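Below: work-v7.cif (mmCIF, N, CA and C atoms)
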data_query
#
loop_
_atom_site.label_atom_id
_atom_site.label_comp_id
_atom_site.auth_asym_id
_atom_site.auth_seq_id
_atom_site.Cartn_x
_atom_site.Cartn_y
_atom_site.Cartn_z
N MET A 1 -89.77 -48.32 -40.61
CA MET A 1 -90.00 -49.10 -39.42
C MET A 1 -88.88 -48.83 -38.41
N LYS A 2 -89.23 -48.38 -37.25
CA LYS A 2 -88.27 -48.02 -36.23
C LYS A 2 -87.85 -49.27 -35.44
N PRO A 3 -86.49 -49.47 -35.22
CA PRO A 3 -86.05 -50.65 -34.47
C PRO A 3 -86.47 -50.56 -33.00
N THR A 4 -86.70 -51.71 -32.42
CA THR A 4 -87.04 -51.77 -30.99
C THR A 4 -85.79 -51.50 -30.17
N PRO A 5 -85.93 -51.07 -28.92
CA PRO A 5 -84.75 -50.75 -28.11
C PRO A 5 -83.81 -51.92 -27.87
N THR A 6 -84.30 -53.15 -27.90
CA THR A 6 -83.43 -54.29 -27.63
C THR A 6 -82.79 -54.85 -28.89
N ARG A 7 -83.13 -54.32 -30.03
CA ARG A 7 -82.58 -54.82 -31.29
C ARG A 7 -81.16 -54.30 -31.49
N VAL A 8 -80.27 -55.18 -31.86
CA VAL A 8 -78.88 -54.83 -32.08
C VAL A 8 -78.67 -54.69 -33.58
N THR A 9 -78.09 -53.57 -34.02
CA THR A 9 -77.88 -53.31 -35.44
C THR A 9 -76.66 -54.09 -35.95
N MET A 10 -76.47 -54.07 -37.25
CA MET A 10 -75.33 -54.76 -37.85
C MET A 10 -74.01 -54.13 -37.39
N LEU A 11 -73.98 -52.81 -37.31
CA LEU A 11 -72.78 -52.12 -36.84
C LEU A 11 -72.45 -52.52 -35.40
N ASP A 12 -73.47 -52.64 -34.57
CA ASP A 12 -73.26 -53.09 -33.20
C ASP A 12 -72.71 -54.51 -33.16
N SER A 13 -73.23 -55.37 -34.02
CA SER A 13 -72.76 -56.76 -34.08
C SER A 13 -71.29 -56.83 -34.49
N ILE A 14 -70.91 -56.02 -35.47
CA ILE A 14 -69.50 -55.98 -35.90
C ILE A 14 -68.62 -55.48 -34.76
N LEU A 15 -69.07 -54.44 -34.08
CA LEU A 15 -68.31 -53.88 -32.97
C LEU A 15 -68.18 -54.90 -31.83
N ILE A 16 -69.24 -55.62 -31.54
CA ILE A 16 -69.19 -56.67 -30.51
C ILE A 16 -68.20 -57.76 -30.92
N GLY A 17 -68.22 -58.17 -32.18
CA GLY A 17 -67.30 -59.20 -32.66
C GLY A 17 -65.85 -58.77 -32.56
N ILE A 18 -65.55 -57.54 -32.99
CA ILE A 18 -64.17 -57.04 -32.92
C ILE A 18 -63.71 -56.93 -31.47
N ALA A 19 -64.56 -56.38 -30.60
CA ALA A 19 -64.19 -56.24 -29.19
C ALA A 19 -63.98 -57.61 -28.53
N THR A 20 -64.80 -58.58 -28.90
CA THR A 20 -64.67 -59.92 -28.32
C THR A 20 -63.38 -60.60 -28.77
N ILE A 21 -63.06 -60.50 -30.06
CA ILE A 21 -61.84 -61.11 -30.58
C ILE A 21 -60.60 -60.47 -29.97
N LEU A 22 -60.59 -59.13 -29.90
CA LEU A 22 -59.43 -58.46 -29.31
C LEU A 22 -59.31 -58.75 -27.81
N SER A 23 -60.43 -58.85 -27.13
CA SER A 23 -60.39 -59.21 -25.71
C SER A 23 -59.83 -60.62 -25.53
N ALA A 24 -60.22 -61.53 -26.40
CA ALA A 24 -59.70 -62.90 -26.32
C ALA A 24 -58.19 -62.92 -26.56
N LEU A 25 -57.71 -62.10 -27.51
CA LEU A 25 -56.27 -62.03 -27.75
C LEU A 25 -55.53 -61.49 -26.53
N VAL A 26 -56.09 -60.47 -25.91
CA VAL A 26 -55.45 -59.89 -24.73
C VAL A 26 -55.45 -60.89 -23.57
N VAL A 27 -56.49 -61.69 -23.47
CA VAL A 27 -56.56 -62.70 -22.42
C VAL A 27 -55.57 -63.83 -22.69
N LEU A 28 -55.40 -64.22 -23.95
CA LEU A 28 -54.50 -65.33 -24.27
C LEU A 28 -53.02 -64.96 -24.17
N LEU A 29 -52.67 -63.71 -24.42
CA LEU A 29 -51.26 -63.32 -24.40
C LEU A 29 -50.58 -63.60 -23.06
N PRO A 30 -51.14 -63.18 -21.93
CA PRO A 30 -50.43 -63.42 -20.67
C PRO A 30 -50.30 -64.90 -20.29
N TRP A 31 -51.19 -65.75 -20.78
CA TRP A 31 -51.14 -67.15 -20.37
C TRP A 31 -50.49 -68.08 -21.38
N LYS A 32 -50.37 -67.66 -22.62
CA LYS A 32 -49.80 -68.54 -23.63
C LYS A 32 -48.47 -68.04 -24.19
N VAL A 33 -48.44 -66.81 -24.67
CA VAL A 33 -47.26 -66.30 -25.40
C VAL A 33 -46.17 -65.84 -24.45
N ILE A 34 -46.53 -65.03 -23.47
CA ILE A 34 -45.53 -64.40 -22.62
C ILE A 34 -44.74 -65.41 -21.78
N PRO A 35 -45.34 -66.43 -21.16
CA PRO A 35 -44.52 -67.39 -20.40
C PRO A 35 -43.51 -68.12 -21.28
N ARG A 36 -43.87 -68.44 -22.48
CA ARG A 36 -42.90 -69.10 -23.38
C ARG A 36 -41.75 -68.17 -23.73
N PHE A 37 -42.07 -66.89 -23.96
CA PHE A 37 -41.01 -65.93 -24.25
C PHE A 37 -40.09 -65.74 -23.05
N MET A 38 -40.66 -65.65 -21.86
CA MET A 38 -39.85 -65.48 -20.65
C MET A 38 -38.96 -66.70 -20.42
N GLN A 39 -39.48 -67.90 -20.69
CA GLN A 39 -38.68 -69.11 -20.54
C GLN A 39 -37.53 -69.12 -21.55
N MET A 40 -37.80 -68.68 -22.77
CA MET A 40 -36.76 -68.62 -23.79
C MET A 40 -35.67 -67.63 -23.38
N ALA A 41 -36.06 -66.47 -22.85
CA ALA A 41 -35.07 -65.48 -22.42
C ALA A 41 -34.25 -66.02 -21.25
N ASN A 42 -34.89 -66.74 -20.34
CA ASN A 42 -34.15 -67.32 -19.21
C ASN A 42 -33.18 -68.40 -19.68
N ASP A 43 -33.58 -69.18 -20.70
CA ASP A 43 -32.69 -70.21 -21.23
C ASP A 43 -31.43 -69.61 -21.84
N PHE A 44 -31.57 -68.44 -22.47
CA PHE A 44 -30.41 -67.77 -23.06
C PHE A 44 -29.59 -67.04 -21.99
N GLY A 45 -30.17 -66.87 -20.80
CA GLY A 45 -29.45 -66.23 -19.72
C GLY A 45 -29.29 -64.74 -19.86
N GLU A 46 -30.14 -64.10 -20.64
CA GLU A 46 -30.00 -62.66 -20.81
C GLU A 46 -30.98 -61.91 -19.91
N THR A 47 -30.58 -60.72 -19.52
CA THR A 47 -31.43 -59.87 -18.70
C THR A 47 -32.34 -59.07 -19.62
N LEU A 48 -33.61 -59.09 -19.31
CA LEU A 48 -34.57 -58.37 -20.15
C LEU A 48 -34.54 -56.89 -19.84
N PRO A 49 -34.73 -56.04 -20.87
CA PRO A 49 -34.78 -54.59 -20.62
C PRO A 49 -35.96 -54.22 -19.72
N MET A 50 -35.87 -53.05 -19.09
CA MET A 50 -36.91 -52.62 -18.16
C MET A 50 -38.27 -52.49 -18.86
N GLY A 51 -38.30 -51.99 -20.09
CA GLY A 51 -39.56 -51.87 -20.83
C GLY A 51 -40.22 -53.22 -21.05
N THR A 52 -39.43 -54.21 -21.36
CA THR A 52 -39.96 -55.56 -21.56
C THR A 52 -40.52 -56.12 -20.26
N ARG A 53 -39.78 -55.94 -19.18
CA ARG A 53 -40.27 -56.44 -17.89
C ARG A 53 -41.57 -55.76 -17.49
N PHE A 54 -41.70 -54.47 -17.79
CA PHE A 54 -42.93 -53.75 -17.44
C PHE A 54 -44.12 -54.28 -18.24
N PHE A 55 -43.96 -54.45 -19.54
CA PHE A 55 -45.08 -54.86 -20.38
C PHE A 55 -45.41 -56.34 -20.26
N LEU A 56 -44.46 -57.16 -19.86
CA LEU A 56 -44.69 -58.60 -19.85
C LEU A 56 -45.00 -59.17 -18.47
N HIS A 57 -44.85 -58.39 -17.43
CA HIS A 57 -45.15 -58.93 -16.11
C HIS A 57 -46.59 -58.64 -15.72
N GLY A 58 -47.03 -59.28 -14.65
CA GLY A 58 -48.41 -59.36 -14.25
C GLY A 58 -49.28 -58.13 -14.24
N GLY A 59 -48.83 -57.02 -13.69
CA GLY A 59 -49.70 -55.87 -13.49
C GLY A 59 -50.28 -55.30 -14.77
N PHE A 60 -49.45 -55.11 -15.76
CA PHE A 60 -49.91 -54.53 -17.02
C PHE A 60 -50.89 -55.47 -17.72
N GLY A 61 -50.57 -56.74 -17.77
CA GLY A 61 -51.45 -57.72 -18.42
C GLY A 61 -52.78 -57.85 -17.70
N LEU A 62 -52.74 -57.88 -16.37
CA LEU A 62 -53.98 -58.00 -15.60
C LEU A 62 -54.87 -56.78 -15.79
N LEU A 63 -54.27 -55.60 -15.79
CA LEU A 63 -55.05 -54.38 -15.99
C LEU A 63 -55.70 -54.35 -17.36
N SER A 64 -54.96 -54.71 -18.39
CA SER A 64 -55.53 -54.69 -19.74
C SER A 64 -56.60 -55.76 -19.90
N VAL A 65 -56.41 -56.92 -19.30
CA VAL A 65 -57.44 -57.97 -19.36
C VAL A 65 -58.71 -57.50 -18.66
N LEU A 66 -58.57 -56.91 -17.49
CA LEU A 66 -59.74 -56.44 -16.75
C LEU A 66 -60.49 -55.34 -17.51
N LEU A 67 -59.74 -54.39 -18.08
CA LEU A 67 -60.38 -53.29 -18.80
C LEU A 67 -61.09 -53.77 -20.06
N THR A 68 -60.45 -54.65 -20.82
CA THR A 68 -61.06 -55.07 -22.08
C THR A 68 -62.25 -55.99 -21.87
N THR A 69 -62.13 -56.95 -20.97
CA THR A 69 -63.26 -57.85 -20.77
C THR A 69 -64.43 -57.15 -20.09
N THR A 70 -64.14 -56.29 -19.11
CA THR A 70 -65.23 -55.56 -18.46
C THR A 70 -65.92 -54.63 -19.44
N GLY A 71 -65.15 -53.90 -20.23
CA GLY A 71 -65.73 -53.00 -21.21
C GLY A 71 -66.56 -53.73 -22.25
N THR A 72 -66.07 -54.89 -22.70
CA THR A 72 -66.81 -55.66 -23.69
C THR A 72 -68.11 -56.21 -23.11
N LEU A 73 -68.04 -56.79 -21.93
CA LEU A 73 -69.25 -57.35 -21.33
C LEU A 73 -70.28 -56.28 -20.98
N LEU A 74 -69.82 -55.17 -20.39
CA LEU A 74 -70.76 -54.10 -20.06
C LEU A 74 -71.35 -53.46 -21.32
N GLY A 75 -70.50 -53.29 -22.34
CA GLY A 75 -70.99 -52.72 -23.59
C GLY A 75 -72.05 -53.58 -24.24
N CYS A 76 -71.82 -54.89 -24.26
CA CYS A 76 -72.82 -55.81 -24.83
C CYS A 76 -74.11 -55.77 -24.02
N GLY A 77 -73.98 -55.76 -22.71
CA GLY A 77 -75.17 -55.71 -21.86
C GLY A 77 -75.98 -54.44 -22.05
N LEU A 78 -75.29 -53.32 -22.15
CA LEU A 78 -76.00 -52.05 -22.34
C LEU A 78 -76.65 -51.98 -23.72
N LEU A 79 -75.99 -52.56 -24.74
CA LEU A 79 -76.61 -52.57 -26.07
C LEU A 79 -77.90 -53.38 -26.07
N VAL A 80 -77.88 -54.50 -25.40
CA VAL A 80 -79.08 -55.35 -25.35
C VAL A 80 -80.18 -54.66 -24.55
N LYS A 81 -79.80 -53.93 -23.51
CA LYS A 81 -80.80 -53.23 -22.69
C LYS A 81 -81.37 -51.99 -23.39
N GLY A 82 -80.78 -51.58 -24.50
CA GLY A 82 -81.29 -50.44 -25.23
C GLY A 82 -80.53 -49.15 -25.03
N ARG A 83 -79.49 -49.16 -24.21
CA ARG A 83 -78.67 -47.97 -24.01
C ARG A 83 -77.52 -47.99 -25.00
N ARG A 84 -77.84 -47.68 -26.24
CA ARG A 84 -76.88 -47.85 -27.33
C ARG A 84 -75.67 -46.95 -27.24
N THR A 85 -75.86 -45.68 -26.92
CA THR A 85 -74.74 -44.75 -26.93
C THR A 85 -73.68 -45.17 -25.92
N MET A 86 -74.08 -45.43 -24.70
CA MET A 86 -73.12 -45.83 -23.67
C MET A 86 -72.50 -47.19 -24.00
N GLY A 87 -73.30 -48.12 -24.51
CA GLY A 87 -72.77 -49.43 -24.88
C GLY A 87 -71.75 -49.35 -25.99
N ARG A 88 -72.02 -48.52 -26.98
CA ARG A 88 -71.06 -48.36 -28.08
C ARG A 88 -69.77 -47.73 -27.60
N TRP A 89 -69.86 -46.72 -26.74
CA TRP A 89 -68.64 -46.09 -26.23
C TRP A 89 -67.82 -47.08 -25.40
N LEU A 90 -68.48 -47.90 -24.62
CA LEU A 90 -67.74 -48.91 -23.85
C LEU A 90 -67.06 -49.92 -24.77
N LEU A 91 -67.75 -50.35 -25.81
CA LEU A 91 -67.14 -51.30 -26.76
C LEU A 91 -65.98 -50.66 -27.50
N ILE A 92 -66.12 -49.42 -27.90
CA ILE A 92 -65.02 -48.72 -28.58
C ILE A 92 -63.84 -48.56 -27.64
N GLY A 93 -64.11 -48.21 -26.39
CA GLY A 93 -63.04 -48.08 -25.41
C GLY A 93 -62.33 -49.40 -25.15
N ALA A 94 -63.10 -50.47 -25.03
CA ALA A 94 -62.50 -51.80 -24.82
C ALA A 94 -61.65 -52.20 -26.02
N THR A 95 -62.12 -51.89 -27.22
CA THR A 95 -61.36 -52.20 -28.42
C THR A 95 -60.06 -51.40 -28.46
N GLY A 96 -60.13 -50.13 -28.11
CA GLY A 96 -58.93 -49.29 -28.08
C GLY A 96 -57.92 -49.75 -27.05
N VAL A 97 -58.38 -50.10 -25.87
CA VAL A 97 -57.47 -50.59 -24.83
C VAL A 97 -56.84 -51.91 -25.26
N ALA A 98 -57.63 -52.78 -25.88
CA ALA A 98 -57.09 -54.07 -26.33
C ALA A 98 -56.03 -53.86 -27.41
N MET A 99 -56.29 -52.97 -28.35
CA MET A 99 -55.30 -52.73 -29.40
C MET A 99 -54.03 -52.12 -28.84
N LEU A 100 -54.16 -51.15 -27.94
CA LEU A 100 -52.98 -50.54 -27.34
C LEU A 100 -52.18 -51.54 -26.50
N SER A 101 -52.84 -52.35 -25.72
CA SER A 101 -52.10 -53.32 -24.91
C SER A 101 -51.43 -54.36 -25.78
N TYR A 102 -52.07 -54.75 -26.88
CA TYR A 102 -51.43 -55.69 -27.81
C TYR A 102 -50.18 -55.07 -28.42
N VAL A 103 -50.27 -53.80 -28.82
CA VAL A 103 -49.11 -53.11 -29.39
C VAL A 103 -47.98 -53.02 -28.36
N PHE A 104 -48.31 -52.70 -27.11
CA PHE A 104 -47.28 -52.58 -26.09
C PHE A 104 -46.63 -53.93 -25.78
N VAL A 105 -47.41 -54.99 -25.78
CA VAL A 105 -46.83 -56.31 -25.52
C VAL A 105 -45.92 -56.72 -26.67
N VAL A 106 -46.32 -56.49 -27.89
CA VAL A 106 -45.46 -56.81 -29.04
C VAL A 106 -44.19 -55.96 -28.98
N LEU A 107 -44.32 -54.69 -28.62
CA LEU A 107 -43.15 -53.84 -28.44
C LEU A 107 -42.23 -54.41 -27.36
N GLY A 108 -42.82 -54.86 -26.26
CA GLY A 108 -42.03 -55.46 -25.19
C GLY A 108 -41.33 -56.73 -25.63
N LEU A 109 -41.94 -57.49 -26.53
CA LEU A 109 -41.30 -58.70 -27.03
C LEU A 109 -40.13 -58.38 -27.97
N TYR A 110 -40.20 -57.24 -28.68
CA TYR A 110 -39.14 -56.90 -29.62
C TYR A 110 -38.00 -56.11 -29.00
N LEU A 111 -38.19 -55.53 -27.82
CA LEU A 111 -37.12 -54.76 -27.19
C LEU A 111 -35.84 -55.57 -26.96
N PRO A 112 -35.90 -56.83 -26.51
CA PRO A 112 -34.66 -57.60 -26.36
C PRO A 112 -33.94 -57.83 -27.69
N LEU A 113 -34.69 -57.97 -28.77
CA LEU A 113 -34.05 -58.14 -30.07
C LEU A 113 -33.30 -56.89 -30.48
N VAL A 114 -33.87 -55.73 -30.21
CA VAL A 114 -33.22 -54.47 -30.52
C VAL A 114 -31.98 -54.30 -29.66
N GLN A 115 -32.08 -54.67 -28.40
CA GLN A 115 -30.92 -54.58 -27.49
C GLN A 115 -29.80 -55.50 -27.96
N THR A 116 -30.12 -56.69 -28.37
CA THR A 116 -29.11 -57.63 -28.86
C THR A 116 -28.48 -57.14 -30.16
N ALA A 117 -29.31 -56.62 -31.05
CA ALA A 117 -28.78 -56.09 -32.31
C ALA A 117 -27.88 -54.89 -32.07
N SER A 118 -28.20 -54.04 -31.11
CA SER A 118 -27.35 -52.88 -30.79
C SER A 118 -26.02 -53.34 -30.23
N ALA A 119 -26.05 -54.35 -29.38
CA ALA A 119 -24.80 -54.88 -28.81
C ALA A 119 -23.93 -55.50 -29.88
N LEU A 120 -24.54 -56.20 -30.83
CA LEU A 120 -23.76 -56.82 -31.90
C LEU A 120 -23.19 -55.79 -32.86
N SER A 121 -23.92 -54.74 -33.14
CA SER A 121 -23.42 -53.73 -34.08
C SER A 121 -22.34 -52.87 -33.42
N ALA A 122 -22.33 -52.76 -32.10
CA ALA A 122 -21.32 -51.99 -31.40
C ALA A 122 -19.98 -52.72 -31.40
N GLU A 123 -20.01 -54.03 -31.52
CA GLU A 123 -18.76 -54.82 -31.50
C GLU A 123 -18.10 -54.83 -32.81
#

Using structure tokens, write down the structure that the file contains.
Amino acid sequence: MKPTPTRVTMLDSILIGIATILSALVVLLPWKVIPRFMQMANDFGETLPMGTRFFLHGGFGLLSVLLTTTGTLLGCGLLVKGRRTMGRWLLIGATGVAMLSYVFVVLGLYLPLVQTASALSAE
């Protein structure tokens, strides 16, 4: 029995779920985690490294949020419309961008710790 064009397979459902969860994480990071981290760094009075400022400030977060949510929504819409190949590629791309941006933000959060540890070991 051949599936109808609007039918979503189990693999598509898993891909939609993963892309949605990762997109939600990327959306929550700039509004929940990063402001608290920036406030903590300001309370300690330390200057953040350039890499941290790049990954934690508005432009990078906004770009990753736009790419992941747009890719997820368009991918889901194309899957429902029956354009499976393009929808799957968009979902895979959105998942990849979400994972990379999450890795970069975590890296940006750990850079000040590495800088502090280097300063302490030098003394």

Per-residue DSSP, chain A, filtered to alpha helix (DSSP H), as a ChimeraX atom specification: /A:10-28,34-44,50-56,58-81,84-122

Expand the PyMOL selection byres ((chain A and resi 98) around 8) into the explicit residue set it covers here, and present it as a compact mmCIF listing (two decimals) with N, CA and C atoms, keeping the file's coordinate frame.
# COMPACT_ATOMS: atom_id res chain seq x y z
N ALA A 19 -64.56 -56.38 -30.60
CA ALA A 19 -64.19 -56.24 -29.19
C ALA A 19 -63.98 -57.61 -28.53
N LEU A 22 -60.59 -59.13 -29.90
CA LEU A 22 -59.43 -58.46 -29.31
C LEU A 22 -59.31 -58.75 -27.81
N SER A 23 -60.43 -58.85 -27.13
CA SER A 23 -60.39 -59.21 -25.71
C SER A 23 -59.83 -60.62 -25.53
N LEU A 25 -57.71 -62.10 -27.51
CA LEU A 25 -56.27 -62.03 -27.75
C LEU A 25 -55.53 -61.49 -26.53
N VAL A 26 -56.09 -60.47 -25.91
CA VAL A 26 -55.45 -59.89 -24.73
C VAL A 26 -55.45 -60.89 -23.57
N SER A 64 -54.96 -54.71 -18.39
CA SER A 64 -55.53 -54.69 -19.74
C SER A 64 -56.60 -55.76 -19.90
N VAL A 65 -56.41 -56.92 -19.30
CA VAL A 65 -57.44 -57.97 -19.36
C VAL A 65 -58.71 -57.50 -18.66
N LEU A 67 -59.74 -54.39 -18.08
CA LEU A 67 -60.38 -53.29 -18.80
C LEU A 67 -61.09 -53.77 -20.06
N THR A 68 -60.45 -54.65 -20.82
CA THR A 68 -61.06 -55.07 -22.08
C THR A 68 -62.25 -55.99 -21.87
N THR A 69 -62.13 -56.95 -20.97
CA THR A 69 -63.26 -57.85 -20.77
C THR A 69 -64.43 -57.15 -20.09
N ILE A 92 -66.12 -49.42 -27.90
CA ILE A 92 -65.02 -48.72 -28.58
C ILE A 92 -63.84 -48.56 -27.64
N GLY A 93 -64.11 -48.21 -26.39
CA GLY A 93 -63.04 -48.08 -25.41
C GLY A 93 -62.33 -49.40 -25.15
N ALA A 94 -63.10 -50.47 -25.03
CA ALA A 94 -62.50 -51.80 -24.82
C ALA A 94 -61.65 -52.20 -26.02
N THR A 95 -62.12 -51.89 -27.22
CA THR A 95 -61.36 -52.20 -28.42
C THR A 95 -60.06 -51.40 -28.46
N GLY A 96 -60.13 -50.13 -28.11
CA GLY A 96 -58.93 -49.29 -28.08
C GLY A 96 -57.92 -49.75 -27.05
N VAL A 97 -58.38 -50.10 -25.87
CA VAL A 97 -57.47 -50.59 -24.83
C VAL A 97 -56.84 -51.91 -25.26
N MET A 99 -56.29 -52.97 -28.35
CA MET A 99 -55.30 -52.73 -29.40
C MET A 99 -54.03 -52.12 -28.84
N LEU A 100 -54.16 -51.15 -27.94
CA LEU A 100 -52.98 -50.54 -27.34
C LEU A 100 -52.18 -51.54 -26.50
N SER A 101 -52.84 -52.35 -25.72
CA SER A 101 -52.10 -53.32 -24.91
C SER A 101 -51.43 -54.36 -25.78
N TYR A 102 -52.07 -54.75 -26.88
CA TYR A 102 -51.43 -55.69 -27.81
C TYR A 102 -50.18 -55.07 -28.42
N VAL A 103 -50.27 -53.80 -28.82
CA VAL A 103 -49.11 -53.11 -29.39
C VAL A 103 -47.98 -53.02 -28.36
N PHE A 104 -48.31 -52.70 -27.11
CA PHE A 104 -47.28 -52.58 -26.09
C PHE A 104 -46.63 -53.93 -25.78

Within 9 Å of file point (-73.4, -49.6, -29.9), counting only C-alpha atoms, expressed as number ranges by chain: A: 8-9, 11-13, 15-16, 75-76, 78-79, 83-92

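With distances restricted to only C-alpha atoms, A:Phe60 is the closest residue to Val27 of chain A from A:Phe60, A:Val114, A:Ile14, A:Gly82.
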
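From atom N of Arg36 of chain A back to atom N of Ala117 of chain A, the distance works out to 20.6 Å.
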
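Among A:Gly61, A:Pro112, A:Gly77, A:Gly51, the residue with the shortest atom-to-atom distance to Pro30 of chain A, counting only N, CA and C atoms, is A:Gly61.
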
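In this structure, atom CA of Ile34 of chain A sits 10.5 Å away from atom CA of Thr52 of chain A.
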
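Closest approach to Leu111 of chain A among A:Met38, A:Leu48, A:Leu62, A:Leu74: A:Leu48, based on only N, CA and C atoms.
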
Point-to-point distance from atom N of Gly108 of chain A to atom N of Asn42 of chain A, Å rounded to tenths: 15.5 Å

Among the residues A:Pro49, A:Arg7, A:Gly17, A:Thr116, the one that comes closest to Val80 of chain A [using only N, CA and C atoms]: A:Arg7

As lines of an AutoDock Vina configuration file, what would the box around segment 10-18 of chain A look like: edges along x, y and z, 6 Å added on every side, centre and edge lengths in Å to one decimal?
center_x = -70.1
center_y = -55.7
center_z = -34.2
size_x = 24.8
size_y = 19.1
size_z = 19.3
